[in-house]
There are 2 protein chains.
Amino acid sequence: MNTLPQYAIIVAGGSGTRMISELPKQFIPLDGLPILMHTIKQFYNYNSNITIVLVLPAAQISTWKALCQTYHFDLPLEIVPGGETRFQSVKNGLAHIKNEHGLVAIHDGVRPLIRKEIIQKAFQSAEQYGSGIVAVNSKDSLRQLKGTSSEAVDRALFKCIQTPQCFNLSLLKKAFETEELPMFTDDATVFEHAGHTVTLVEGSYENIKITTPEDLIIAEALLKKF
Amino acid sequence: MNTLPQYAIIVAGGSGTRMISELPKQFIPLDGLPILMHTIKQFYNYNSNITIVLVLPAAQISTWKALCQTYHFDLPLEIVPGGETRFQSVKNGLAHIKNEHGLVAIHDGVRPLIRKEIIQKAFQSAEQYGSGIVAVNSKDSLRQLKGTSSEAVDRALFKCIQTPQCFNLSLLKKAFETEELPMFTDDATVFEHAGHTVTLVEGSYENIKITTPEDLIIAEALLKKF
């Protein structure tokens, strides 16, 4: 069993633009419940003692609170306003955690189809190796663009990165003390930039990130069998 | 308008192993019709004058014929027995096409969610540039494995390859005169190995390859909105 305190920073910074929806995508209902509530429930389902820090754009906090009343959603959460970028949002979430020791998962608010077994594996890897980044093999052949042309690459050498990305809390806090760089496409790259090794753990294809209307259809179908 | 004759080689070599099904996956019904029949219909829907060569494992041909009777499926098809590998199967399909001039699409039998607009773009690219390979951007961050470690790569430089892969028929026939190599993960790599340039055309995320039970759930949901 894990003995270190566990935290999850759920980053929900999306707008509704790609969804052609007025509602920010994380608030769109899936099987009768906003996506973000499904996501949060998965983490409590994994560990009822976890501390969840929800990072939301400041302008969405009142909407979220109204939704919590509507849906009688009362799981304990610490709400933190997001920043201009994902990096800033995660940094705000980390700053909110006063403890220096523990393990922290960073997870996309719009990935509700995350199983507790995978969250557990990622936390265990973070405890043992400093990080546990959920990743899957590429299902498709890959080609690398080279100028105006492209060339085949061996897809077995590439992993598609998902979340959660779990880390030793104090190492990640220090890693985020850097200036933001364009290469920081996820939290693992920030961690790596600080000189640490990124350890991958095997995820699942169903753990999709909901960003388009098609994803919503897919997620709705997968959730029925979840 | 295209003036060259158009062919489509539909490769349906799968067994049911990953589907935990007795039925080869291309025969599993989706919304009441075997997956493979949906796929074939999309190509006829794109061009009613196309010649379709269906490559099936020899052991499955009688099952297929029985299914065609059951479902009253009578679109004209030329059936060719498959080979040991995908390379051999495509080669068998190409050998069956006696014409030396034209355009040919190679397509996975288990990708039924292909839109005619994308088939058209791929054929147009093949007519103009020699090839038209359907590809989409990676939705996920990517990491490249390096020994026991891994490093972040810029996902904007990578494309996920789908089918159809469309080609100038005579160029592809010549390209397939080579010995089979392990690097031939798709038809584009065979074409490229013969010294030709691979041209990519933008596809769609819904054009999934159905290989797992989850994919079947996803495809069923997407097909309803197709």
# chains A, B, ... in the order shown; residues from 1 in each chain; ligands from 1

call {"tool": "closest_atom_pairs", "arguments": {"of": "chain A", "to": "chain B", "cutoff": "9 Å", "atoms": "only C-alpha atoms", "output": "tab-separated table"}}
result
residue	atom	partner	partner_atom	distance
A:Ala135	CA	B:Leu142	CA	8.9
A:Ser138	CA	B:Cys160	CA	8.3
A:Lys139	CA	B:Cys160	CA	8.5
A:Asp140	CA	B:Cys160	CA	5.5
A:Ser141	CA	B:Ile161	CA	5.1
A:Leu142	CA	B:Cys160	CA	4.8
A:Arg143	CA	B:Lys159	CA	5.3
A:Gln144	CA	B:Phe158	CA	4.5
A:Leu145	CA	B:Leu157	CA	5.1
A:Lys146	CA	B:Leu157	CA	7.7
A:Ser149	CA	B:Val198	CA	7.4
A:Ser150	CA	B:Val198	CA	7.1
A:Glu151	CA	B:Val198	CA	8.0
A:Ala152	CA	B:Thr189	CA	6.7
A:Asp154	CA	B:Met183	CA	8.0
A:Ala156	CA	B:Leu145	CA	8.4
A:Leu157	CA	B:Leu145	CA	5.1
A:Phe158	CA	B:Gln144	CA	4.5
A:Lys159	CA	B:Arg143	CA	5.3
A:Cys160	CA	B:Leu142	CA	4.8
A:Ile161	CA	B:Ser141	CA	5.1
A:Gln162	CA	B:Asp140	CA	6.7
A:Met183	CA	B:Asp154	CA	8.0
A:Thr185	CA	B:Ser141	CA	7.1
A:Asp186	CA	B:Ser141	CA	7.6
A:Ala188	CA	B:Ala152	CA	8.4
A:Thr189	CA	B:Ala152	CA	6.6
A:Glu192	CA	B:Glu151	CA	8.3
A:Thr197	CA	B:Ser149	CA	7.5
A:Val198	CA	B:Ser150	CA	7.1
A:Thr199	CA	B:Ser149	CA	7.4
A:Leu200	CA	B:Ser150	CA	8.4
A:Tyr205	CA	B:Glu214	CA	8.4
A:Glu206	CA	B:Glu214	CA	7.4
A:Lys209	CA	B:Lys139	CA	8.7
A:Glu214	CA	B:Leu222	CA	7.1
A:Ile217	CA	B:Ala221	CA	6.3
A:Ile218	CA	B:Ile218	CA	5.1
A:Ala219	CA	B:Ile218	CA	8.1
A:Glu220	CA	B:Ala221	CA	8.4
A:Ala221	CA	B:Ala221	CA	6.2
A:Leu222	CA	B:Ile217	CA	6.7
A:Lys225	CA	B:Ile217	CA	8.8

call {"tool": "closest_residue", "arguments": {"among": "A:Trp64, A:Tyr46, A:Tyr71, A:Phe226", "to": "Phe123 (chain A)", "atoms": "only C-alpha atoms"}}
result
A:Tyr46

call {"tool": "residues_around", "arguments": {"residues": "Leu103 (chain B)", "least_positions_apart": "4", "cutoff": "7 Å", "atoms": "only C-alpha atoms", "output": "tab-separated table (two decimals) with all heavy atoms, in the first residue's frame"}}
result
chain	number	residue	atom	x	y	z
B	4	LEU	N	-8.90	8.14	-65.52
B	4	LEU	CA	-8.25	6.82	-65.43
B	4	LEU	C	-9.19	5.84	-64.73
B	4	LEU	O	-9.94	6.23	-63.83
B	4	LEU	CB	-6.96	6.93	-64.62
B	4	LEU	CG	-5.81	7.69	-65.31
B	4	LEU	CD1	-4.70	7.99	-64.31
B	4	LEU	CD2	-5.26	6.87	-66.47
B	5	PRO	N	-9.17	4.55	-65.13
B	5	PRO	CA	-10.00	3.57	-64.43
B	5	PRO	C	-9.56	3.45	-62.96
B	5	PRO	O	-8.37	3.55	-62.66
B	5	PRO	CB	-9.76	2.26	-65.19
B	5	PRO	CG	-8.53	2.48	-65.99
B	5	PRO	CD	-8.41	3.95	-66.24
B	6	GLN	N	-10.52	3.26	-62.09
B	6	GLN	CA	-10.22	3.19	-60.66
B	6	GLN	C	-10.51	1.80	-60.10
B	6	GLN	O	-11.53	1.19	-60.42
B	6	GLN	CB	-11.04	4.24	-59.90
B	6	GLN	CG	-10.65	5.66	-60.29
B	6	GLN	CD	-11.29	6.71	-59.41
B	6	GLN	OE1	-12.23	6.42	-58.67
B	6	GLN	NE2	-10.77	7.92	-59.46
B	7	TYR	N	-9.59	1.35	-59.27
B	7	TYR	CA	-9.71	0.05	-58.60
B	7	TYR	C	-9.60	0.26	-57.10
B	7	TYR	O	-8.92	1.18	-56.64
B	7	TYR	CB	-8.58	-0.89	-59.05
B	7	TYR	CG	-8.58	-1.15	-60.54
B	7	TYR	CD1	-7.94	-0.29	-61.42
B	7	TYR	CD2	-9.26	-2.25	-61.06
B	7	TYR	CE1	-7.97	-0.51	-62.79
B	7	TYR	CE2	-9.29	-2.48	-62.43
B	7	TYR	CZ	-8.64	-1.60	-63.29
B	7	TYR	OH	-8.68	-1.83	-64.64
B	123	PHE	N	-7.61	9.57	-54.25
B	123	PHE	CA	-7.48	9.23	-55.67
B	123	PHE	C	-6.94	10.42	-56.48
B	123	PHE	O	-6.08	10.26	-57.35
B	123	PHE	CB	-8.82	8.77	-56.26
B	123	PHE	CG	-9.06	7.28	-56.17
B	123	PHE	CD1	-10.10	6.77	-55.42
B	123	PHE	CD2	-8.25	6.39	-56.88
B	123	PHE	CE1	-10.33	5.39	-55.35
B	123	PHE	CE2	-8.47	5.01	-56.81
B	123	PHE	CZ	-9.50	4.52	-56.04
B	126	ALA	N	-3.31	10.66	-55.98
B	126	ALA	CA	-2.61	9.59	-56.71
B	126	ALA	C	-2.52	9.93	-58.19
B	126	ALA	O	-1.50	9.68	-58.83
B	126	ALA	CB	-3.34	8.26	-56.51
B	127	GLU	N	-3.58	10.51	-58.72
B	127	GLU	CA	-3.56	10.87	-60.15
B	127	GLU	C	-2.53	11.97	-60.40
B	127	GLU	O	-1.77	11.93	-61.36
B	127	GLU	CB	-4.95	11.33	-60.58
B	127	GLU	CG	-5.01	11.71	-62.06
B	127	GLU	CD	-6.38	11.50	-62.69
B	127	GLU	OE1	-7.39	11.48	-61.95
B	127	GLU	OE2	-6.44	11.35	-63.93
B	166	CYS	N	-3.83	5.34	-51.90
B	166	CYS	CA	-4.10	5.31	-53.34
B	166	CYS	C	-2.82	5.55	-54.12
B	166	CYS	O	-1.96	6.33	-53.70
B	166	CYS	CB	-5.13	6.37	-53.71
B	166	CYS	SG	-6.76	6.01	-53.03
B	167	PHE	N	-2.72	4.87	-55.26
B	167	PHE	CA	-1.48	4.90	-56.04
B	167	PHE	C	-1.78	4.87	-57.54
B	167	PHE	O	-2.83	4.37	-57.96
B	167	PHE	CB	-0.62	3.67	-55.72
B	167	PHE	CG	-0.27	3.50	-54.28
B	167	PHE	CD1	-1.09	2.73	-53.45
B	167	PHE	CD2	0.86	4.11	-53.74
B	167	PHE	CE1	-0.78	2.58	-52.09
B	167	PHE	CE2	1.17	3.95	-52.40
B	167	PHE	CZ	0.35	3.19	-51.57
B	168	ASN	N	-0.80	5.31	-58.28
B	168	ASN	CA	-0.74	5.03	-59.71
B	168	ASN	C	-0.56	3.52	-59.84
B	168	ASN	O	0.35	2.94	-59.25
B	168	ASN	CB	0.46	5.79	-60.30
B	168	ASN	CG	0.74	5.44	-61.74
B	168	ASN	OD1	1.03	4.29	-62.05
B	168	ASN	ND2	0.66	6.45	-62.60
B	169	LEU	N	-1.45	2.88	-60.57
B	169	LEU	CA	-1.48	1.42	-60.60
B	169	LEU	C	-0.18	0.80	-61.11
B	169	LEU	O	0.35	-0.14	-60.49
B	169	LEU	CB	-2.67	0.96	-61.48
B	169	LEU	CG	-2.82	-0.55	-61.69
B	169	LEU	CD1	-3.02	-1.29	-60.37
B	169	LEU	CD2	-4.00	-0.83	-62.63

call {"tool": "select_by_dssp", "arguments": {"residues": "region 164-211 of chain B", "states": "strand (DSSP E)", "output": "PDB file with N, CA, C and O atoms, in the first residue's frame"}}
result
ATOM      1  N   PRO B 164      -7.771   4.694 -47.026  1.00  0.00           N
ATOM      2  CA  PRO B 164      -7.111   4.168 -48.207  1.00  0.00           C
ATOM      3  C   PRO B 164      -5.739   4.789 -48.469  1.00  0.00           C
ATOM      4  O   PRO B 164      -5.466   5.917 -48.088  1.00  0.00           O
ATOM      5  N   GLN B 165      -4.917   3.966 -49.123  1.00  0.00           N
ATOM      6  CA  GLN B 165      -3.655   4.421 -49.663  1.00  0.00           C
ATOM      7  C   GLN B 165      -3.814   4.243 -51.178  1.00  0.00           C
ATOM      8  O   GLN B 165      -3.944   3.121 -51.657  1.00  0.00           O
ATOM      9  N   CYS B 166      -3.833   5.343 -51.895  1.00  0.00           N
ATOM     10  CA  CYS B 166      -4.101   5.309 -53.337  1.00  0.00           C
ATOM     11  C   CYS B 166      -2.819   5.547 -54.122  1.00  0.00           C
ATOM     12  O   CYS B 166      -1.961   6.330 -53.700  1.00  0.00           O
ATOM     13  N   PHE B 167      -2.721   4.869 -55.260  1.00  0.00           N
ATOM     14  CA  PHE B 167      -1.483   4.902 -56.038  1.00  0.00           C
ATOM     15  C   PHE B 167      -1.777   4.872 -57.535  1.00  0.00           C
ATOM     16  O   PHE B 167      -2.827   4.366 -57.964  1.00  0.00           O
ATOM     17  N   ASN B 168      -0.802   5.310 -58.280  1.00  0.00           N
ATOM     18  CA  ASN B 168      -0.738   5.034 -59.709  1.00  0.00           C
ATOM     19  C   ASN B 168      -0.564   3.518 -59.836  1.00  0.00           C
ATOM     20  O   ASN B 168       0.354   2.943 -59.249  1.00  0.00           O
ATOM     21  N   LEU B 200       0.837  12.663 -48.665  1.00  0.00           N
ATOM     22  CA  LEU B 200      -0.207  12.460 -47.648  1.00  0.00           C
ATOM     23  C   LEU B 200      -1.416  13.337 -47.932  1.00  0.00           C
ATOM     24  O   LEU B 200      -1.271  14.465 -48.407  1.00  0.00           O
ATOM     25  N   VAL B 201      -2.592  12.820 -47.645  1.00  0.00           N
ATOM     26  CA  VAL B 201      -3.807  13.644 -47.707  1.00  0.00           C
ATOM     27  C   VAL B 201      -4.511  13.539 -46.347  1.00  0.00           C
ATOM     28  O   VAL B 201      -4.420  12.523 -45.666  1.00  0.00           O
ATOM     29  N   GLU B 202      -5.198  14.620 -45.977  1.00  0.00           N
ATOM     30  CA  GLU B 202      -5.775  14.696 -44.636  1.00  0.00           C
ATOM     31  C   GLU B 202      -7.000  13.794 -44.511  1.00  0.00           C
ATOM     32  O   GLU B 202      -7.923  13.852 -45.321  1.00  0.00           O
TER      33      GLU B 202
END

call {"tool": "residues_around", "arguments": {"residues": "region 23-33 of chain A", "least_positions_apart": "3", "cutoff": "12 Å", "atoms": "only C-alpha atoms", "output": "ChimeraX atom specification"}}
result
/A:10-20,36-41,54-57,59-61,63-68,70-73,108-113,209-213,215-226

call {"tool": "atom_distance", "arguments": {"atom1": "CA of Gln69 (chain B)", "atom2": "CA of Gln42 (chain B)"}}
result
19.6 Å

call {"tool": "select_by_dssp", "arguments": {"residues": "region 110-163 of chain B", "states": "alpha helix (DSSP H)", "output": "PDB file with C-alpha atoms, in the first residue's frame"}}
result
ATOM      1  CA  LYS B 116     -16.360   9.387 -50.036  1.00  0.00           C
ATOM      2  CA  GLU B 117     -14.827  12.863 -49.919  1.00  0.00           C
ATOM      3  CA  ILE B 118     -11.656  11.399 -48.427  1.00  0.00           C
ATOM      4  CA  ILE B 119     -11.526   8.527 -50.934  1.00  0.00           C
ATOM      5  CA  GLN B 120     -11.857  11.159 -53.654  1.00  0.00           C
ATOM      6  CA  LYS B 121      -9.034  13.309 -52.281  1.00  0.00           C
ATOM      7  CA  ALA B 122      -6.745  10.276 -52.063  1.00  0.00           C
ATOM      8  CA  PHE B 123      -7.475   9.226 -55.673  1.00  0.00           C
ATOM      9  CA  GLN B 124      -6.966  12.797 -56.894  1.00  0.00           C
ATOM     10  CA  SER B 125      -3.607  12.945 -55.156  1.00  0.00           C
ATOM     11  CA  ALA B 126      -2.614   9.593 -56.705  1.00  0.00           C
ATOM     12  CA  GLU B 127      -3.556  10.874 -60.150  1.00  0.00           C
ATOM     13  CA  GLN B 128      -1.619  14.087 -59.690  1.00  0.00           C
ATOM     14  CA  TYR B 129       1.392  12.994 -57.615  1.00  0.00           C
TER      15      TYR B 129
END

call {"tool": "closest_residue", "arguments": {"among": "A:Thr3, A:Asn45, A:Ser204, A:Ser170", "to": "Glu100 (chain A)", "atoms": "only C-alpha atoms"}}
result
A:Ser170

call {"tool": "atom_distance", "arguments": {"atom1": "CA of Val104 (chain B)", "atom2": "CA of Ala58 (chain B)"}}
result
22.4 Å

call {"tool": "atom_distance", "arguments": {"atom1": "CA of Glu22 (chain A)", "atom2": "CA of His107 (chain A)"}}
result
23.4 Å

call {"tool": "closest_residue", "arguments": {"among": "B:Asp187, B:Asn47, B:Phe87, B:Ile35", "to": "Gly132 (chain B)", "atoms": "only C-alpha atoms"}}
result
B:Asp187
